[in-house]
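Colleague: Data: my_file_1.pdb, PDB, C-alpha atoms.
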ATOM      1  CA  MET N   1     -18.678  15.377 -35.237
ATOM      2  CA  SER N   2     -20.625  12.323 -34.033
ATOM      3  CA  GLU N   3     -21.243  11.611 -30.340
ATOM      4  CA  PRO N   4     -18.651   8.810 -30.179
ATOM      5  CA  GLN N   5     -16.082  11.157 -31.713
ATOM      6  CA  LYS N   6     -16.894  13.824 -29.150
ATOM      7  CA  LYS N   7     -16.094  11.422 -26.346
ATOM      8  CA  LYS N   8     -12.610  11.479 -24.929
ATOM      9  CA  ARG N   9     -10.272   9.567 -27.219
ATOM     10  CA  ALA N  10      -8.163   6.730 -25.837
ATOM     11  CA  PRO N  11      -4.583   7.859 -25.197
ATOM     12  CA  THR N  12      -1.961   7.054 -27.797
ATOM     13  CA  ARG N  13       0.939   4.762 -26.929
ATOM     14  CA  ILE N  14       3.211   7.782 -26.443
ATOM     15  CA  GLN N  15       0.671   9.485 -24.196
ATOM     16  CA  ALA N  16       0.197   6.323 -22.130
ATOM     17  CA  ARG N  17       3.982   5.932 -21.844
ATOM     18  CA  ASN N  18       4.491   9.546 -20.775
ATOM     19  CA  ARG N  19       1.680   9.343 -18.255
ATOM     20  CA  GLN N  20       3.172   6.212 -16.697
ATOM     21  CA  ALA N  21       6.627   7.813 -16.672
ATOM     22  CA  ILE N  22       5.174  10.740 -14.728
ATOM     23  CA  LEU N  23       3.496   8.438 -12.191
ATOM     24  CA  ASP N  24       6.677   6.371 -11.735
ATOM     25  CA  ALA N  25       8.755   9.520 -11.266
ATOM     26  CA  ALA N  26       6.210  10.999  -8.877
ATOM     27  CA  LEU N  27       6.268   7.832  -6.814
ATOM     28  CA  ASP N  28      10.042   8.179  -6.435
ATOM     29  CA  VAL N  29       9.824  11.854  -5.526
ATOM     30  CA  PHE N  30       6.820  11.663  -3.187
ATOM     31  CA  SER N  31       8.112   8.584  -1.345
ATOM     32  CA  ALA N  32      11.466  10.316  -0.785
ATOM     33  CA  GLN N  33      10.375  13.925  -0.212
ATOM     34  CA  GLY N  34       6.804  13.632   1.016
ATOM     35  CA  PHE N  35       3.967  15.634  -0.502
ATOM     36  CA  ARG N  36       5.115  18.988   0.862
ATOM     37  CA  GLY N  37       8.732  18.535  -0.171
ATOM     38  CA  ALA N  38       7.971  17.362  -3.698
ATOM     39  CA  THR N  39       7.654  19.789  -6.605
ATOM     40  CA  VAL N  40       6.377  19.550 -10.168
ATOM     41  CA  ASP N  41       9.859  20.484 -11.375
ATOM     42  CA  GLN N  42      11.405  17.554  -9.501
ATOM     43  CA  ILE N  43       8.850  15.114 -10.887
ATOM     44  CA  ALA N  44       9.314  16.400 -14.441
ATOM     45  CA  GLU N  45      13.101  16.093 -14.167
ATOM     46  CA  VAL N  46      12.951  12.501 -12.904
ATOM     47  CA  ALA N  47      10.390  11.638 -15.613
ATOM     48  CA  GLY N  48      12.625  13.117 -18.310
ATOM     49  CA  LEU N  49       9.909  15.530 -19.428
ATOM     50  CA  SER N  50       9.539  19.292 -19.462
ATOM     51  CA  LYS N  51       7.333  20.903 -16.847
ATOM     52  CA  PRO N  52       4.792  22.097 -19.500
ATOM     53  CA  ASN N  53       4.674  18.557 -20.874
ATOM     54  CA  LEU N  54       3.939  17.153 -17.419
ATOM     55  CA  LEU N  55       1.213  19.717 -16.854
ATOM     56  CA  TYR N  56      -0.418  18.606 -20.106
ATOM     57  CA  TYR N  57      -1.130  15.245 -18.452
ATOM     58  CA  PHE N  58      -1.702  16.401 -14.872
ATOM     59  CA  PRO N  59      -2.742  19.973 -14.034
ATOM     60  CA  SER N  60      -0.977  20.032 -10.666
ATOM     61  CA  LYS N  61       1.142  18.194  -8.123
ATOM     62  CA  GLU N  62      -2.069  17.459  -6.235
ATOM     63  CA  ALA N  63      -3.552  15.695  -9.263
ATOM     64  CA  VAL N  64      -0.540  13.398  -9.646
ATOM     65  CA  HIS N  65      -0.565  12.614  -5.934
ATOM     66  CA  ALA N  66      -4.285  11.860  -5.948
ATOM     67  CA  GLU N  67      -3.859   9.447  -8.856
ATOM     68  CA  LEU N  68      -1.060   7.603  -7.061
ATOM     69  CA  LEU N  69      -2.981   7.359  -3.801
ATOM     70  CA  GLY N  70      -6.079   6.071  -5.585
ATOM     71  CA  GLN N  71      -4.071   3.281  -7.217
ATOM     72  CA  LEU N  72      -2.222   2.542  -3.988
ATOM     73  CA  LEU N  73      -5.287   2.163  -1.807
ATOM     74  CA  ASP N  74      -6.730  -0.425  -4.134
ATOM     75  CA  THR N  75      -3.455  -2.377  -4.125
ATOM     76  CA  TRP N  76      -3.182  -2.019  -0.350
ATOM     77  CA  LEU N  77      -6.627  -3.503   0.266
ATOM     78  CA  ASP N  78      -6.223  -6.526  -2.022
ATOM     79  CA  PRO N  79      -4.372  -8.756   0.507
ATOM     80  CA  LEU N  80      -7.081  -8.236   3.125
ATOM     81  CA  ARG N  81      -9.842  -8.784   0.580
ATOM     82  CA  ALA N  82      -8.329 -12.221  -0.084
ATOM     83  CA  LEU N  83      -8.852 -13.355   3.530
ATOM     84  CA  ASP N  84     -11.473 -16.095   3.068
ATOM     85  CA  ALA N  85     -14.174 -16.508   5.695
ATOM     86  CA  ALA N  86     -14.619 -20.139   4.574
ATOM     87  CA  GLY N  87     -10.943 -21.011   4.959
ATOM     88  CA  ASP N  88      -8.876 -22.340   7.834
ATOM     89  CA  PRO N  89      -8.625 -19.435  10.335
ATOM     90  CA  GLN N  90      -4.965 -19.722  11.238
ATOM     91  CA  GLY N  91      -3.958 -20.465   7.649
ATOM     92  CA  GLU N  92      -5.919 -17.486   6.323
ATOM     93  CA  ILE N  93      -4.336 -15.080   8.801
ATOM     94  CA  LEU N  94      -0.819 -16.396   8.179
ATOM     95  CA  ASP N  95      -1.428 -16.108   4.437
ATOM     96  CA  TYR N  96      -2.480 -12.508   5.007
ATOM     97  CA  VAL N  97       0.761 -11.842   6.894
ATOM     98  CA  ARG N  98       2.738 -13.316   3.970
ATOM     99  CA  ARG N  99       0.837 -11.249   1.406
ATOM    100  CA  LYS N 100       1.408  -8.039   3.372
ATOM    101  CA  LEU N 101       5.113  -8.777   3.730
ATOM    102  CA  GLU N 102       5.382  -9.474  -0.002
ATOM    103  CA  LEU N 103       3.635  -6.164  -0.663
ATOM    104  CA  SER N 104       6.256  -4.357   1.427
ATOM    105  CA  ARG N 105       9.042  -6.184  -0.409
ATOM    106  CA  ASP N 106       7.652  -5.566  -3.898
ATOM    107  CA  TYR N 107       6.194  -2.060  -3.403
ATOM    108  CA  PRO N 108       8.461  -0.213  -0.930
ATOM    109  CA  ARG N 109       7.962   3.191  -2.567
ATOM    110  CA  GLU N 110       4.198   2.819  -2.373
ATOM    111  CA  SER N 111       4.446   1.874   1.292
ATOM    112  CA  ARG N 112       6.505   4.970   2.074
ATOM    113  CA  LEU N 113       4.107   7.152   0.074
ATOM    114  CA  PHE N 114       1.216   5.852   2.168
ATOM    115  CA  ALA N 115       3.179   6.278   5.422
ATOM    116  CA  ASN N 116       4.048   9.886   4.522
ATOM    117  CA  GLU N 117       0.395  10.655   3.852
ATOM    118  CA  ILE N 118      -0.683   9.157   7.189
ATOM    119  CA  LEU N 119       2.030  11.039   9.089
ATOM    120  CA  GLN N 120       0.711  14.291   7.624
ATOM    121  CA  GLY N 121      -2.760  13.518   8.982
ATOM    122  CA  ALA N 122      -4.054  11.855   5.786
ATOM    123  CA  PRO N 123      -5.569  15.098   4.409
ATOM    124  CA  ARG N 124      -6.015  13.621   0.931
ATOM    125  CA  ILE N 125      -7.333  10.160   1.870
ATOM    126  CA  THR N 126      -9.350  10.757   5.042
ATOM    127  CA  GLN N 127     -12.587   9.920   3.267
ATOM    128  CA  ALA N 128     -11.182   6.679   1.857
ATOM    129  CA  LEU N 129      -9.796   5.637   5.255
ATOM    130  CA  GLY N 130     -13.179   6.129   6.869
ATOM    131  CA  GLY N 131     -14.987   4.571   3.917
ATOM    132  CA  ASP N 132     -13.645   1.645   1.882
ATOM    133  CA  LEU N 133     -10.768   0.794   4.213
ATOM    134  CA  LYS N 134     -12.853   0.930   7.399
ATOM    135  CA  ALA N 135     -15.661  -1.100   5.841
ATOM    136  CA  LEU N 136     -13.271  -3.823   4.718
ATOM    137  CA  VAL N 137     -11.420  -3.961   8.040
ATOM    138  CA  ASP N 138     -14.715  -4.132   9.959
ATOM    139  CA  GLU N 139     -15.901  -6.953   7.694
ATOM    140  CA  LYS N 140     -12.745  -9.026   8.181
ATOM    141  CA  ALA N 141     -12.592  -8.230  11.912
ATOM    142  CA  ALA N 142     -16.084  -9.696  12.203
ATOM    143  CA  VAL N 143     -14.873 -12.861  10.454
ATOM    144  CA  ILE N 144     -11.946 -13.138  12.882
ATOM    145  CA  ALA N 145     -14.286 -12.546  15.842
ATOM    146  CA  ARG N 146     -16.525 -15.372  14.624
ATOM    147  CA  TRP N 147     -13.560 -17.730  14.354
ATOM    148  CA  GLN N 148     -12.626 -16.812  17.915
ATOM    149  CA  ALA N 149     -16.179 -17.350  19.185
ATOM    150  CA  GLU N 150     -16.081 -20.799  17.578
ATOM    151  CA  GLY N 151     -12.884 -21.564  19.491
ATOM    152  CA  ARG N 152     -10.828 -22.007  16.334
ATOM    153  CA  ILE N 153      -8.200 -19.369  17.163
ATOM    154  CA  ALA N 154      -7.204 -17.557  20.349
ATOM    155  CA  ALA N 155      -9.279 -14.606  21.464
ATOM    156  CA  VAL N 156      -7.362 -11.408  20.671
ATOM    157  CA  PRO N 157      -8.896  -8.045  19.668
ATOM    158  CA  PRO N 158      -9.513  -8.489  15.897
ATOM    159  CA  HIS N 159      -8.902  -4.884  14.873
ATOM    160  CA  HIS N 160      -5.669  -4.745  16.850
ATOM    161  CA  LEU N 161      -4.570  -8.045  15.345
ATOM    162  CA  ILE N 162      -4.928  -6.450  11.901
ATOM    163  CA  PHE N 163      -3.132  -3.281  13.073
ATOM    164  CA  SER N 164      -0.228  -5.380  14.375
ATOM    165  CA  ILE N 165       0.067  -7.193  11.039
ATOM    166  CA  TRP N 166       0.212  -3.839   9.259
ATOM    167  CA  ALA N 167       2.847  -2.483  11.652
ATOM    168  CA  LEU N 168       5.099  -5.536  11.601
ATOM    169  CA  THR N 169       5.037  -6.061   7.836
ATOM    170  CA  GLN N 170       5.136  -2.455   6.606
ATOM    171  CA  HIS N 171       8.077  -1.727   8.908
ATOM    172  CA  TYR N 172      10.360  -3.563   6.476
ATOM    173  CA  ALA N 173       9.488  -1.143   3.667
ATOM    174  CA  ASP N 174       9.152   2.084   5.653
ATOM    175  CA  PHE N 175      12.368   1.519   7.644
ATOM    176  CA  ASP N 176      14.282  -0.426   4.993
ATOM    177  CA  VAL N 177      17.514   1.546   5.424
ATOM    178  CA  GLN N 178      17.511   0.985   9.185
ATOM    179  CA  VAL N 179      16.698  -2.729   8.856
ATOM    180  CA  ARG N 180      19.500  -3.348   6.352
ATOM    181  CA  ALA N 181      21.999  -1.248   8.313
ATOM    182  CA  VAL N 182      21.345  -3.220  11.496
ATOM    183  CA  LEU N 183      21.313  -6.659   9.858
ATOM    184  CA  GLY N 184      24.356  -5.970   7.697
ATOM    185  CA  ASP N 185      25.410  -7.660   4.477
ATOM    186  CA  GLY N 186      24.427 -11.210   3.684
ATOM    187  CA  HIS N 187      20.958 -11.043   5.209
ATOM    188  CA  ASP N 188      17.684 -11.224   3.325
ATOM    189  CA  PRO N 189      15.420  -9.306   5.709
ATOM    190  CA  TYR N 190      12.250 -10.537   4.044
ATOM    191  CA  ALA N 191      13.099 -14.241   4.194
ATOM    192  CA  GLU N 192      14.050 -13.918   7.853
ATOM    193  CA  ALA N 193      11.025 -11.758   8.601
ATOM    194  CA  GLN N 194       8.625 -14.250   7.050
ATOM    195  CA  ASP N 195       9.878 -17.092   9.228
ATOM    196  CA  PHE N 196       9.774 -14.934  12.339
ATOM    197  CA  LEU N 197       6.342 -13.423  11.722
ATOM    198  CA  GLU N 198       4.756 -16.757  10.871
ATOM    199  CA  THR N 199       6.076 -18.209  14.133
ATOM    200  CA  LEU N 200       4.977 -15.138  16.079
ATOM    201  CA  PHE N 201       1.412 -15.092  14.804
ATOM    202  CA  GLU N 202       1.059 -18.882  14.854
ATOM    203  CA  ARG N 203       1.847 -18.855  18.573
ATOM    204  CA  LEU N 204      -0.404 -15.860  19.185
ATOM    205  CA  LEU N 205      -3.384 -17.533  17.495
ATOM    206  CA  ARG N 206      -2.904 -20.993  18.940
ATOM    207  CA  VAL N 207      -5.813 -22.103  21.141
TER     208      VAL N 207
END
Here is the file; what I need is its structure written in the form of structure tokens.
Modeller:
Amino acid sequence: MSEPQKKKRAPTRIQARNRQAILDAALDVFSAQGFRGATVDQIAEVAGLSKPNLLYYFPSKEAVHAELLGQLLDTWLDPLRALDAAGDPQGEILDYVRRKLELSRDYPRESRLFANEILQGAPRITQALGGDLKALVDEKAAVIARWQAEGRIAAVPPHHLIFSIWALTQHYADFDVQVRAVLGDGHDPYAEAQDFLETLFERLLRV
């Protein structure tokens, strides 16, 4: 067999479909049960596959969880990466708030998966939190600090500004049931939240 043939073959369409079905099912199970409460049997049942079939693609629950977290962290960092140091300071920060709120609206299961991992002490993503995430937050905090030094936005602690954006936007995904129960029928929590958060941060940043 030639060297190219010895290399790992690209997955077939069925394999790719089954693998994605497993990840989608695992996202449902992990976001609802947490890592400790989830089992391979539960994931296989939701995916519509047998347990041996699931284990053909992923050797363990830990492997599925690691794959999901790896994908999630990249998605989670994208809105902050888009904050442009050359842009209008207030506009860039308000755009970041909008992007984070849209992420909570469009990826609620992923948000709850991340929250569950953090609440458990982040044993599987500690290195990433102290590496890629910290580096990116420090970089953007420095941009915000420069804008403040230039007098273009109000002086507030940059890191805590970012933390507050995370808390106020991710709340709508992590506490979705509570939000909808309190607001009742006929309310779009995300439309109302966007108007409120834009006003809140616009006033906070105003010089």
Colleague: Would you work out the distance separating CA of Arg19 (chain N) from CA of His65 (chain N), expressed in Å to one decimal?
Modeller: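 It comes out at 12.9 Å.
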Colleague: Can you list, as a list in words, every protein, DNA or RNA residue that comes within 7 Å of Val207 (chain N) when you count all atoms listed in the file, leaving out same-chain residues fewer than 2 positions away?
Modeller: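 Answer for this query is Arg152, Ile153, Ala154 and Leu205 of chain N.
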Colleague: So what does the PyMOL selection byres ((chain N and resi 38) around 12) actually pick up in this one, as an NGL selection string?
Modeller: :N and (25-37 or 39-46 or 60-62 or 64-65 or 113 or 116)
Colleague: Just to confirm, what's the straight-line distance from CA of Thr75 (chain N) to CA of Val182 (chain N) in Å (one decimal)?
Modeller: 29.3 Å
Colleague: I'd like the residues picked by the PyMOL selection byres ((chain N and resi 86) around 12) written out as a PyMOL selection string, using the chain letters and numbers from the file.
Modeller: chain N and resi 82-85+87-92+140+143-144+146-147
Colleague: Kindly indicate which residue among N:Arg13, N:Lys134, N:Arg206, N:Arg124 lies nearest to Leu68 (chain N), using all atoms listed in the file for the distances.
Modeller: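 Closest to Leu68 (chain N), using all atoms listed in the file: N:Arg124.
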Colleague: Counting all atoms listed in the file, what is within 9 Å of Val137 (chain N), bar same-chain residues fewer than 5 positions away, as a list in words?
Modeller: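 The contact residues come out as Leu80, Asp132, Ala142, His159 and Ile162 of chain N.
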Colleague: For CA of His171 (chain N) and CA of Lys100 (chain N), quote the distance in Å rounded to one decimal.
Modeller: 10.7 Å
